[in-house]
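Shown below: query09.txt, with compact mmCIF, C-alpha atoms.
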# COMPACT_ATOMS: atom_id res chain seq x y z
CA MET A 289 0.00 0.00 0.00
CA ALA A 290 2.79 2.43 0.98
CA ARG A 291 4.60 1.53 -2.24
CA THR A 292 1.72 2.85 -4.38
CA ARG A 293 1.11 5.90 -2.19
CA ARG A 294 4.72 7.15 -2.36
CA PRO A 295 4.98 7.64 -6.15
CA ARG A 296 1.53 9.26 -6.15
CA ARG A 297 2.67 11.75 -3.51
CA THR A 298 5.86 12.43 -5.47
CA ARG A 299 3.88 13.08 -8.64
CA LEU A 300 1.54 15.39 -6.72
CA THR A 301 4.52 17.31 -5.25
CA ILE A 302 6.25 17.82 -8.61
CA GLY A 303 2.92 18.69 -10.24
CA LEU A 304 2.16 21.37 -7.65
CA LEU A 305 5.68 22.82 -7.84
CA ILE A 306 5.58 22.99 -11.66
CA LEU A 307 2.16 24.64 -11.46
CA ALA A 308 3.48 27.18 -8.93
CA SER A 309 6.50 27.92 -11.15
CA ILE A 310 4.38 28.37 -14.28
CA THR A 311 2.00 30.64 -12.35
CA ILE A 312 4.91 32.85 -11.22
CA ILE A 313 6.35 32.94 -14.77
CA THR A 314 2.94 33.84 -16.22
CA LEU A 315 2.37 36.61 -13.67
CA ASP A 316 5.82 38.07 -14.43
CA TYR A 317 5.42 37.63 -18.19
CA ARG A 318 2.00 39.33 -18.32
CA GLY A 319 3.17 42.09 -15.97
CA ASP A 320 0.29 41.45 -13.54
CA ALA A 321 2.58 41.08 -10.55
CA HIS A 322 5.38 43.26 -11.85
CA GLY A 323 5.19 45.67 -8.92
CA THR A 324 5.31 42.90 -6.33
CA ILE A 325 8.13 41.03 -8.07
CA SER A 326 10.14 44.24 -8.52
CA SER A 327 9.66 45.09 -4.84
CA LEU A 328 10.84 41.59 -3.86
CA LYS A 329 13.90 41.84 -6.12
CA ASN A 330 14.72 45.33 -4.85
CA ALA A 331 14.39 44.24 -1.22
CA ALA A 332 16.62 41.21 -1.86
CA SER A 333 19.21 43.37 -3.64
CA ASP A 334 19.24 45.99 -0.84
CA ALA A 335 19.42 43.31 1.86
CA PHE A 336 22.22 41.46 0.11
CA SER A 337 24.49 44.43 -0.74
CA PRO A 338 25.90 44.79 2.85
CA VAL A 339 26.56 41.03 2.91
CA GLN A 340 28.40 41.31 -0.38
CA ARG A 341 30.49 44.23 0.91
CA GLY A 342 31.17 42.35 4.18
CA VAL A 343 32.33 39.21 2.38
CA ASP A 344 34.61 41.29 0.16
CA ASP A 345 36.10 42.90 3.29
CA ILE A 346 36.65 39.45 4.83
CA THR A 347 38.16 37.72 1.81
CA HIS A 348 40.82 40.42 1.29
CA PRO A 349 42.48 40.04 4.74
CA ILE A 350 42.30 36.22 4.46
CA GLY A 351 44.17 36.40 1.19
CA SER A 352 46.78 38.69 2.74
CA PHE A 353 47.11 36.42 5.78
CA LEU A 354 47.64 33.32 3.63
CA ALA A 355 50.19 35.16 1.52
CA GLY A 356 52.15 36.24 4.59
CA ALA A 357 52.20 32.87 6.41
CA VAL A 358 54.95 32.88 9.06
CA ASN A 359 57.87 30.41 8.93
CA GLY A 360 59.61 28.95 11.98
CA GLY A 361 63.11 30.04 13.14
CA GLU A 362 64.55 33.39 14.06
CA ILE A 363 66.12 34.15 10.68
CA GLU A 364 63.02 33.10 8.87
CA GLN A 365 61.02 35.35 11.18
CA GLU A 366 63.34 38.24 10.40
CA ASN A 367 63.10 37.48 6.69
CA ALA A 368 59.35 37.33 6.96
CA LYS A 369 59.35 40.68 8.76
CA LEU A 370 61.48 42.25 6.04
CA ARG A 371 59.35 40.66 3.34
CA GLN A 372 56.30 42.03 5.09
CA GLN A 373 57.82 45.51 5.12
CA VAL A 374 58.67 45.23 1.42
CA GLY A 375 55.16 43.88 0.81
CA ASN A 376 53.63 46.77 2.74
CA LEU A 377 55.65 49.28 0.72
CA GLN A 378 54.72 47.54 -2.52
CA SER A 379 51.08 47.43 -1.53
CA GLN A 380 51.26 51.15 -0.65
CA LEU A 381 52.80 51.81 -4.06
CA LEU A 382 50.13 49.70 -5.75
CA ALA A 383 47.44 51.44 -3.72
CA HIS A 384 48.80 54.83 -4.89
CA GLN A 385 48.90 53.56 -8.47
CA ALA A 386 45.38 52.19 -8.15
CA THR A 387 44.20 55.52 -6.71
CA ALA A 388 45.96 57.39 -9.52
CA ASN A 389 44.38 55.05 -12.11
CA ALA A 390 40.95 55.48 -10.54
CA LEU A 391 41.43 59.26 -10.52
CA LYS A 392 42.48 59.15 -14.16
CA SER A 393 39.36 57.11 -15.04
CA LEU A 394 37.12 59.53 -13.17
CA GLN A 395 38.83 62.54 -14.80
CA LYS A 396 38.23 60.96 -18.20
CA LEU A 397 34.55 60.69 -17.33
CA ASP A 398 34.59 64.38 -16.31
CA HIS A 399 35.88 65.42 -19.74
CA LEU A 400 33.49 63.54 -22.00
CA ARG A 401 33.00 65.38 -25.27
CA TRP A 402 29.56 63.94 -25.83
CA ALA A 403 26.29 64.15 -23.91
CA GLN A 404 27.27 67.61 -22.66
CA GLY A 405 24.66 69.30 -20.54
CA ILE A 406 22.99 66.07 -19.47
CA PRO A 407 23.09 65.58 -15.68
CA ARG A 408 24.95 62.43 -14.71
CA VAL A 409 25.56 60.17 -11.72
CA ALA A 410 29.06 58.71 -11.29
CA ALA A 411 28.97 55.01 -10.40
CA GLN A 412 31.21 52.03 -9.78
CA VAL A 413 30.64 48.51 -11.12
CA VAL A 414 30.14 46.24 -8.12
CA SER A 415 29.33 42.93 -9.78
CA LEU A 416 29.42 41.38 -13.21
CA ASN A 417 26.78 39.37 -15.03
CA SER A 418 24.77 37.34 -12.52
CA SER A 419 23.25 35.13 -15.21
CA ASN A 420 24.96 33.05 -17.87
CA PHE A 421 22.12 34.04 -20.19
CA ALA A 422 22.24 37.86 -20.02
CA ALA A 423 25.03 40.46 -20.33
CA THR A 424 24.51 42.70 -17.31
CA VAL A 425 26.51 44.53 -14.63
CA GLU A 426 25.42 45.94 -11.29
CA LEU A 427 26.28 49.50 -10.19
CA ASN A 428 26.57 50.93 -6.68
CA VAL A 429 23.91 53.60 -7.32
CA GLY A 430 20.15 53.28 -7.32
CA ALA A 431 16.85 55.14 -7.04
CA ARG A 432 18.18 56.98 -3.97
CA ASN A 433 20.84 58.59 -6.23
CA GLY A 434 18.34 59.60 -8.89
CA VAL A 435 18.88 56.59 -11.15
CA ALA A 436 15.84 55.14 -12.94
CA ALA A 437 15.19 52.33 -15.40
CA GLY A 438 15.80 53.33 -19.00
CA MET A 439 18.71 55.72 -18.34
CA PRO A 440 21.76 55.32 -20.63
CA VAL A 441 25.13 54.40 -19.09
CA VAL A 442 28.44 55.58 -20.59
CA GLY A 443 32.10 54.83 -19.93
CA SER A 444 35.06 57.02 -20.79
CA ALA A 445 35.21 55.59 -24.33
CA GLY A 446 31.55 55.31 -25.22
CA LEU A 447 28.15 53.76 -24.64
CA VAL A 448 28.02 50.90 -22.11
CA GLY A 449 24.31 50.06 -21.95
CA ARG A 450 21.04 51.00 -20.31
CA VAL A 451 19.65 50.72 -16.79
CA THR A 452 16.98 48.01 -16.75
CA SER A 453 16.11 47.80 -13.05
CA THR A 454 16.84 49.71 -9.88
CA SER A 455 16.62 49.17 -6.16
CA SER A 456 17.19 51.98 -3.69
CA THR A 457 20.98 51.45 -3.56
CA ARG A 458 21.82 49.41 -6.68
CA CYS A 459 20.91 49.22 -10.35
CA THR A 460 21.28 46.63 -13.09
CA VAL A 461 22.63 47.70 -16.47
CA THR A 462 22.01 45.63 -19.59
CA LEU A 463 25.14 45.95 -21.75
CA ILE A 464 25.03 46.75 -25.47
CA THR A 465 26.50 43.28 -26.11
CA ASP A 466 23.41 41.55 -24.63
CA ALA A 467 21.60 39.52 -27.28
CA GLY A 468 18.45 41.57 -26.64
CA SER A 469 20.11 44.96 -27.07
CA ALA A 470 19.71 47.04 -30.24
CA VAL A 471 21.09 50.57 -30.60
CA GLY A 472 20.26 52.87 -33.49
CA VAL A 473 23.54 54.23 -34.93
CA ARG A 474 24.81 56.74 -37.47
CA TYR A 475 27.82 56.25 -39.72
CA GLY A 476 29.41 57.61 -42.88
CA ALA A 477 31.37 60.78 -43.65
CA ALA A 478 28.47 63.10 -42.79
CA SER A 479 26.97 60.75 -40.18
CA LEU A 480 23.73 60.68 -42.15
CA ASP A 481 23.44 56.94 -42.76
CA LEU A 482 21.45 54.94 -40.22
CA ALA A 483 21.87 51.34 -39.04
CA LEU A 484 21.16 49.13 -36.05
CA ALA A 485 23.94 47.74 -33.78
CA GLN A 486 22.67 44.53 -32.19
CA GLY A 487 24.29 42.61 -29.34
CA ASP A 488 25.46 39.05 -29.96
CA GLY A 489 26.36 37.93 -26.44
CA ILE A 490 28.88 38.64 -23.71
CA GLY A 491 32.37 39.48 -25.01
CA LYS A 492 31.35 39.35 -28.66
CA ASN A 493 31.29 42.07 -31.33
CA LEU A 494 28.08 43.83 -32.33
CA ASP A 495 26.24 42.91 -35.54
CA VAL A 496 25.45 46.05 -37.53
CA THR A 497 22.39 45.55 -39.69
CA TYR A 498 20.51 47.54 -42.35
CA VAL A 499 23.73 48.72 -44.07
CA SER A 500 23.15 48.89 -47.83
CA PRO A 501 25.50 46.75 -49.95
CA GLY A 502 28.38 48.67 -51.49
CA THR A 503 28.32 51.37 -48.80
CA ALA A 504 31.73 53.04 -48.37
CA LEU A 505 32.97 51.86 -44.96
CA HIS A 506 36.40 51.68 -43.43
CA LYS A 507 37.89 49.71 -40.55
CA GLY A 508 37.96 51.68 -37.33
CA GLU A 509 35.07 53.93 -38.38
CA VAL A 510 33.13 55.06 -35.32
CA LEU A 511 29.40 54.41 -35.06
CA THR A 512 27.53 56.89 -32.86
CA THR A 513 24.04 56.84 -31.38
CA SER A 514 21.45 58.17 -33.81
CA GLY A 515 19.29 59.89 -31.22
CA LEU A 516 16.24 58.20 -32.81
CA GLN A 517 14.33 55.23 -31.24
CA ASN A 518 12.10 57.75 -29.42
CA GLY A 519 15.13 59.25 -27.74
CA ILE A 520 16.22 56.16 -25.78
CA TYR A 521 19.85 57.31 -26.15
CA PRO A 522 21.11 60.89 -26.58
CA PRO A 523 22.67 61.49 -30.03
CA LEU A 524 26.37 61.25 -30.95
CA ILE A 525 27.62 58.95 -28.18
CA PRO A 526 30.30 56.59 -29.62
CA VAL A 527 28.91 53.03 -29.65
CA ALA A 528 31.40 50.89 -31.57
CA ARG A 529 34.21 50.81 -34.12
CA ILE A 530 33.85 48.81 -37.33
CA ARG A 531 36.09 45.72 -37.27
CA SER A 532 35.09 43.99 -40.49
CA PHE A 533 32.61 44.24 -43.33
CA SER A 534 31.78 42.14 -46.35
CA SER A 535 29.11 41.75 -48.95
CA SER A 536 28.26 39.21 -51.62
CA ALA A 537 26.85 40.00 -55.07
CA SER A 538 23.34 38.80 -54.19
CA ALA A 539 23.26 40.20 -50.64
CA THR A 540 20.57 42.72 -49.73
CA SER A 541 22.70 44.24 -46.99
CA GLU A 542 26.34 44.47 -45.91
CA THR A 543 27.60 42.12 -43.17
CA VAL A 544 29.25 44.43 -40.65
CA SER A 545 30.87 43.55 -37.33
CA ALA A 546 31.84 46.26 -34.82
CA ALA A 547 33.70 46.19 -31.49
CA PRO A 548 32.13 48.15 -28.62
CA ALA A 549 33.92 51.49 -28.14
CA ALA A 550 33.91 51.05 -24.34
CA ASP A 551 35.99 48.21 -22.91
CA LEU A 552 33.10 46.23 -21.43
CA ALA A 553 35.39 43.51 -20.01
CA GLN A 554 37.28 46.01 -17.82
CA LEU A 555 34.50 48.27 -16.62
CA GLN A 556 35.15 50.01 -13.32
CA TYR A 557 33.77 53.56 -13.32
CA VAL A 558 30.83 54.70 -15.43
CA ASP A 559 28.34 57.57 -15.63
CA VAL A 560 24.59 57.11 -15.60
CA LEU A 561 23.07 59.83 -17.80
CA GLN A 562 19.87 61.20 -16.31
CA TRP A 563 18.33 61.18 -19.74
CA PRO A 564 14.60 60.57 -19.63
CA ALA A 565 13.58 57.97 -22.17
CA ALA A 566 10.66 59.30 -24.16
CA GLY A 567 9.03 55.87 -24.46
CA MET B 194 10.96 17.68 7.84
CA THR B 195 11.63 19.26 11.24
CA SER B 196 12.29 22.92 12.00
CA ALA B 197 15.97 22.03 12.52
CA ASP B 198 16.07 20.58 8.98
CA LEU B 199 14.43 23.73 7.63
CA ALA B 200 16.99 25.89 9.44
CA ARG B 201 19.84 23.81 8.00
CA CYS B 202 18.35 24.05 4.50
CA THR B 203 18.06 27.84 4.86
CA ILE B 204 21.69 28.07 5.97
CA VAL B 205 22.85 25.98 2.99
CA LEU B 206 20.80 28.05 0.53
CA PHE B 207 22.18 31.28 1.98
CA VAL B 208 25.82 30.08 2.06
CA VAL B 209 25.74 28.88 -1.56
CA LEU B 210 24.00 32.11 -2.64
CA VAL B 211 26.72 34.20 -0.96
CA VAL B 212 29.48 32.10 -2.58
CA GLN B 213 27.77 32.41 -5.97
CA GLN B 214 27.21 36.16 -5.75
CA THR B 215 30.53 37.18 -4.24
CA LEU B 216 33.03 34.69 -5.68
CA LEU B 217 31.73 32.56 -8.56
CA ASP B 218 30.03 35.40 -10.48
CA SER B 219 33.49 37.03 -10.77
CA VAL B 220 35.04 33.91 -12.34
CA ARG B 221 34.25 34.71 -15.95
CA ILE B 222 35.52 32.69 -18.87
CA ALA B 223 34.18 33.64 -22.31
CA GLY B 224 31.48 35.60 -20.51
CA ALA B 225 30.17 32.60 -18.54
CA HIS B 226 30.68 31.61 -14.91
CA PRO B 227 30.25 28.49 -12.71
CA ASP B 228 26.72 27.94 -11.38
CA ALA B 229 26.66 26.63 -7.80
CA MET B 230 22.95 27.44 -7.39
CA LEU B 231 22.06 24.89 -10.08
CA LEU B 232 24.10 22.31 -8.16
CA LEU B 233 21.75 22.64 -5.16
CA PRO B 234 18.75 20.81 -6.70
CA ILE B 235 21.12 18.29 -8.29
CA ALA B 236 22.68 17.54 -4.90
CA ALA B 237 19.25 17.45 -3.22
CA GLY B 238 17.90 15.00 -5.79
CA TYR B 239 21.05 12.90 -5.47
CA VAL B 240 20.97 12.85 -1.68
CA ALA B 241 17.27 12.83 -0.85
CA GLY B 242 15.39 11.61 -3.92
CA PRO B 243 13.03 13.21 -6.45
CA ASP B 244 10.48 14.52 -3.94
CA ARG B 245 12.86 16.63 -1.89
CA GLY B 246 15.03 17.35 -4.92
CA ALA B 247 12.06 19.07 -6.54
CA GLY B 248 11.12 20.99 -3.37
CA PHE B 249 14.66 22.08 -2.60
CA GLY B 250 15.12 22.98 -6.28
CA PHE B 251 12.02 25.16 -6.26
CA ALA B 252 13.22 27.04 -3.16
CA ALA B 253 16.75 27.49 -4.58
CA GLY B 254 15.29 28.60 -7.93
CA VAL B 255 13.04 31.27 -6.40
CA LEU B 256 16.02 32.55 -4.39
CA ALA B 257 18.24 32.62 -7.51
CA ASP B 258 15.51 34.39 -9.50
CA LEU B 259 15.56 37.28 -7.03
CA PHE B 260 19.07 38.17 -8.25
CA LEU B 261 18.74 37.38 -11.96
CA PRO B 262 17.65 39.71 -14.76
CA THR B 263 15.84 36.88 -16.59
CA THR B 264 12.12 35.97 -16.28
CA PHE B 265 11.09 35.50 -12.63
CA GLY B 266 10.16 31.87 -11.95
CA LEU B 267 12.24 30.40 -14.78
CA SER B 268 15.00 29.18 -12.45
CA ALA B 269 12.36 27.85 -10.03
CA LEU B 270 10.82 25.74 -12.78
CA VAL B 271 14.14 24.49 -14.18
CA PHE B 272 15.69 23.76 -10.76
CA CYS B 273 12.53 21.93 -9.69
CA LEU B 274 12.65 19.73 -12.82
CA VAL B 275 16.41 19.16 -12.45
CA GLY B 276 16.07 18.12 -8.79
CA TYR B 277 13.24 15.76 -9.65
CA GLY B 278 15.04 14.32 -12.67
CA THR B 279 18.28 13.78 -10.76
CA GLY B 280 16.38 12.05 -7.95
CA LEU B 281 14.67 9.73 -10.42
CA THR B 282 17.90 8.96 -12.28
CA VAL B 283 19.90 7.94 -9.19
CA ARG B 284 16.94 6.24 -7.51
CA GLY B 285 18.15 2.72 -8.17
CA LEU B 286 21.65 3.34 -6.86
CA VAL B 287 22.31 1.84 -3.46
CA ARG B 288 26.01 2.57 -2.96
CA SER B 289 27.87 5.64 -3.94
CA SER B 290 31.37 5.99 -5.29
CA TRP B 291 33.50 9.11 -4.94
CA TRP B 292 33.33 9.69 -8.68
CA LEU B 293 29.56 9.41 -8.95
CA PRO B 294 28.52 12.90 -7.67
CA PRO B 295 30.81 14.74 -10.15
CA ILE B 296 29.49 12.69 -13.07
CA VAL B 297 25.85 13.16 -12.04
CA ALA B 298 26.51 16.88 -11.46
CA ALA B 299 28.11 17.33 -14.89
CA GLY B 300 25.29 15.52 -16.69
CA ALA B 301 22.50 17.24 -14.76
CA THR B 302 24.14 20.68 -15.14
CA SER B 303 24.32 20.25 -18.93
CA VAL B 304 20.68 19.16 -19.09
CA GLY B 305 19.61 21.94 -16.70
CA LEU B 306 21.37 24.66 -18.71
CA ALA B 307 19.93 23.34 -21.97
CA VAL B 308 16.39 23.26 -20.51
CA TYR B 309 16.91 26.78 -19.10
CA ALA B 310 18.07 28.07 -22.49
CA ILE B 311 15.19 26.41 -24.38
CA LEU B 312 12.51 27.59 -21.94
CA GLY B 313 14.12 31.06 -21.89
CA SER B 314 13.96 31.14 -25.67
CA VAL B 315 10.28 30.08 -25.61
CA LEU B 316 9.59 32.92 -23.16
CA GLY B 317 11.26 35.43 -25.47
CA GLU B 318 14.66 35.80 -23.77
CA PRO B 319 16.91 36.71 -26.72
CA GLY B 320 19.93 34.59 -27.69
CA THR B 321 19.71 32.06 -24.86
CA VAL B 322 20.12 29.05 -27.18
CA THR B 323 22.05 30.59 -30.07
CA THR B 324 24.49 32.78 -28.13
CA SER B 325 24.71 32.02 -24.41
CA LEU B 326 24.22 28.26 -24.12
CA ALA B 327 27.56 27.11 -25.59
CA PRO B 328 29.84 29.23 -23.30
CA ALA B 329 27.63 28.39 -20.31
CA LEU B 330 28.00 24.66 -21.00
CA VAL B 331 31.76 24.93 -21.57
CA VAL B 332 32.33 26.76 -18.26
CA ALA B 333 29.59 25.50 -15.91
CA THR B 334 29.87 21.77 -16.69
CA PRO B 335 33.57 21.32 -15.73
CA ALA B 336 32.99 23.65 -12.76
CA ALA B 337 30.13 21.37 -11.65
CA VAL B 338 32.56 18.44 -11.59
CA VAL B 339 34.85 20.38 -9.23
CA LEU B 340 32.09 21.81 -7.01
CA ALA B 341 29.91 18.67 -6.87
CA THR B 342 31.53 16.95 -3.88
CA PRO B 343 31.48 19.95 -1.48
CA VAL B 344 27.93 20.91 -2.50
CA VAL B 345 26.66 17.33 -2.10
CA ARG B 346 28.27 17.17 1.36
CA LEU B 347 26.69 20.49 2.31
CA VAL B 348 23.24 19.42 1.12
CA SER B 349 23.51 16.00 2.76
CA TRP B 350 24.14 17.86 6.05
CA ALA B 351 20.99 19.90 5.54
CA LEU B 352 18.53 17.32 4.25
CA PRO B 353 17.46 14.40 6.43
CA ALA B 354 18.71 10.92 5.58
CA VAL B 355 16.45 9.15 3.12
CA SER B 356 14.98 5.68 3.41
CA SER B 357 16.49 2.90 1.28
CA GLY B 358 15.62 2.90 -2.36
CA HIS B 359 15.81 6.68 -2.68
CA GLY B 360 18.93 8.65 -3.49
CA ALA B 361 22.42 7.27 -3.63
CA GLY B 362 22.73 6.54 0.03
CA ILE B 363 25.00 9.36 1.09
CA GLY B 364 22.32 11.34 2.79
CA SER B 365 23.61 10.49 6.25
CA GLY B 366 26.16 13.25 6.39
CA PRO B 367 27.57 14.66 9.62
CA ARG B 368 24.95 16.32 11.81
Go ahead and render the structure in this file as structure tokens.
Amino acid sequence: MARTRRPRRTRLTIGLLILASITIITLDYRGDAHGTISSLKNAASDAFSPVQRGVDDITHPIGSFLAGAVNGGEIEQENAKLRQQVGNLQSQLLAHQATANALKSLQKLDHLRWAQGIPRVAAQVVSLNSSNFAATVELNVGARNGVAAGMPVVGSAGLVGRVTSTSSTRCTVTLITDAGSAVGVRYGAASLDLALAQGDGIGKNLDVTYVSPGTALHKGEVLTTSGLQNGIYPPLIPVARIRSFSSSASATSETVSAAPAADLAQLQYVDVLQWPAAG
Amino acid sequence: MTSADLARCTIVLFVVLVVQQTLLDSVRIAGAHPDAMLLLPIAAGYVAGPDRGAGFGFAAGVLADLFLPTTFGLSALVFCLVGYGTGLTVRGLVRSSWWLPPIVAAGATSVGLAVYAILGSVLGEPGTVTTSLAPALVVATPAAVVLATPVVRLVSWALPAVSSGHGAGIGSGPR
């Protein structure tokens, strides 16, 4: 009797759990429970950020302690002491270099030649893509700092992406390399030609579509935001540089690949442009 | 399941979440990173059978979904199915070998990622199958082999020992 009851209970359990999952997915997909789900995500993000900072603070000293493990014997102790002093000096030097580099990065952001006049919020990247199926980064600024979903994010070299969700202290930015990202761009000598730069996944080049065959292009040519798409992005922000282009006789459009202008693999400091998306 | 078991399960979920968010998310190869959260339902199914594998998977999935930009509930569904499937697959096994958890983890991780990508694609997540699946498989599957043993030990501490005929018989971890 128990043998037949057990599988039935198991089937009931898995059935109920699948039903619960599909219900949650449907509610999120239709947007019916968007407010509740967003509130839950925001609360989780805000609650977790101190833990994340705390763990970072803990793991650094552990690493230093392991690196400076003490050997036995007087001479070894003296050597260790000297090594520690050298290490401290080197770490001070590295800290100064790191500070100088950070300052340089921030100064670059202060002297951007594009998006002049648009108020901006300086931010630091605190974590990289949390999913293997989306190209995103998390910044240390949120709604409390005036950041809202839809705002463009730029680095010192060009467009990085767009804020897709915010909590009070953090925000998630979908990068231009995400497979779901599409940015309207201008190119050509007079920047009159229009195309679409679409993401193709983390670390990959952008696919530039709607370029007429036979168009005069050159390697290294800079694509800038068009300012169209209902004003999602301000105009003339560098998006990518053309890496390669080709076209066959029967093709209806040129095959163009472009590398993001901003170094998305080494992001540290960025600016969130307080640019209200029209849509 | 007693309140002590629930407390242990909560601790394990929280510890693995912290490790995932603070350490493993930073280990990026070709844009992908190891996925310890997916190992939770696999370990639960392996240790405690399909029933608890599905339940533990659902809880781990909802928790993971709170920190992911993808559709809310997708991880809950996939983790639930993975926990159930792993439990069913290893059901007949009575004795465990040291090499069995890594192999089960690698196989179940590959299947889990593929199911996630396919369901994500059905739900309109762009590029999950065509762009993201291959790097995720290349990085997360070998990482699952390495992380399987510690995660299985952690989960076997949290979940109560199962009766014979369910799981691979290593559910009696240290208490």
Residue among B:Leu352, B:Leu231, B:Ala247, B:Leu330 lying closest to Ile302 (chain A), counting only C-alpha atoms: B:Ala247
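The closest residue to Leu281 (chain B), picked from B:Phe207, B:Phe265, B:Tyr239, B:Tyr309 and counting all atoms listed in the file, is B:Tyr239.
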Give as a ChimeraX atom specification every residue, naming chains and numbers as the document does, that has an atom within 8 Å of (6.2, 22.2, -12.5), counting only C-alpha atoms. /A:302-310 /B:270,273-274
Using all atoms listed in the file, find the residues of chain B whose closest atom to chain A is at most 7 Å away, then write them as a PyMOL selection string. chain B and resi 215+218-219+223-226+244+247+251+259-261+264-267+269-270+319-321+324-325+329
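We find CA of Lys507 (chain A) and CA of Val425 (chain A) to be spaced 28.8 Å apart.
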For Val332 (chain B): contacts at 12 Å, only C-alpha atoms, fewer than 4 positions along chain excluded, given as an mmCIF file with C-alpha atoms, in the frame of the given file:
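The resulting part-v1.cif:
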data_model
loop_
_atom_site.group_PDB
_atom_site.id
_atom_site.type_symbol
_atom_site.label_atom_id
_atom_site.label_comp_id
_atom_site.auth_asym_id
_atom_site.auth_seq_id
_atom_site.Cartn_x
_atom_site.Cartn_y
_atom_site.Cartn_z
ATOM 1 C CA ASN A 420 24.960 33.050 -17.870
ATOM 2 C CA LEU B 217 31.730 32.560 -8.560
ATOM 3 C CA ASP B 218 30.030 35.400 -10.480
ATOM 4 C CA VAL B 220 35.040 33.910 -12.340
ATOM 5 C CA ARG B 221 34.250 34.710 -15.950
ATOM 6 C CA ILE B 222 35.520 32.690 -18.870
ATOM 7 C CA ALA B 223 34.180 33.640 -22.310
ATOM 8 C CA GLY B 224 31.480 35.600 -20.510
ATOM 9 C CA ALA B 225 30.170 32.600 -18.540
ATOM 10 C CA HIS B 226 30.680 31.610 -14.910
ATOM 11 C CA PRO B 227 30.250 28.490 -12.710
ATOM 12 C CA ASP B 228 26.720 27.940 -11.380
ATOM 13 C CA ALA B 229 26.660 26.630 -7.800
ATOM 14 C CA ALA B 299 28.110 17.330 -14.890
ATOM 15 C CA THR B 302 24.140 20.680 -15.140
ATOM 16 C CA SER B 303 24.320 20.250 -18.930
ATOM 17 C CA LEU B 306 21.370 24.660 -18.710
ATOM 18 C CA SER B 325 24.710 32.020 -24.410
ATOM 19 C CA LEU B 326 24.220 28.260 -24.120
ATOM 20 C CA ALA B 327 27.560 27.110 -25.590
ATOM 21 C CA PRO B 328 29.840 29.230 -23.300
ATOM 22 C CA ALA B 336 32.990 23.650 -12.760
ATOM 23 C CA ALA B 337 30.130 21.370 -11.650
ATOM 24 C CA VAL B 338 32.560 18.440 -11.590
ATOM 25 C CA VAL B 339 34.850 20.380 -9.230
#
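As for CA of Thr543 (chain A) and CA of Pro523 (chain A), they are spaced 23.9 Å apart.
You will find CA of Ile525 (chain A) at 26.5 Å from CA of Ser455 (chain A).
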Choose the residue, out of B:Pro262, B:Leu216, B:Val240, B:Phe272, that has the smallest atom-to-atom separation from Arg284 (chain B); count all atoms listed in the file. B:Val240
Between A:Leu447, A:Leu370, A:Val442, A:Ala437, which is the closest to Leu561 (chain A) once you count only C-alpha atoms? A:Val442
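Candidate residues B:Ile235, B:Val304, B:Leu256, B:Ile296 were compared for distance to Gly280 (chain B), and the nearest is B:Ile235, using all atoms listed in the file.
Shortest atom-to-atom contact with Met230 (chain B) among B:Gly317, B:Gly248, B:Gly254, B:Pro243: B:Gly254, counting all atoms listed in the file.
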List every protein, DNA or RNA residue that has at least one atom no more than 7 Å from (21.9, 50.8, -24.1) in the file's coordinates, counting only C-alpha atoms, and write the result as a list in words. Pro440, Val441, Leu447, Val448, Gly449, Arg450, Thr462, Leu463, Ile464, Ser469 and Val471 of chain A
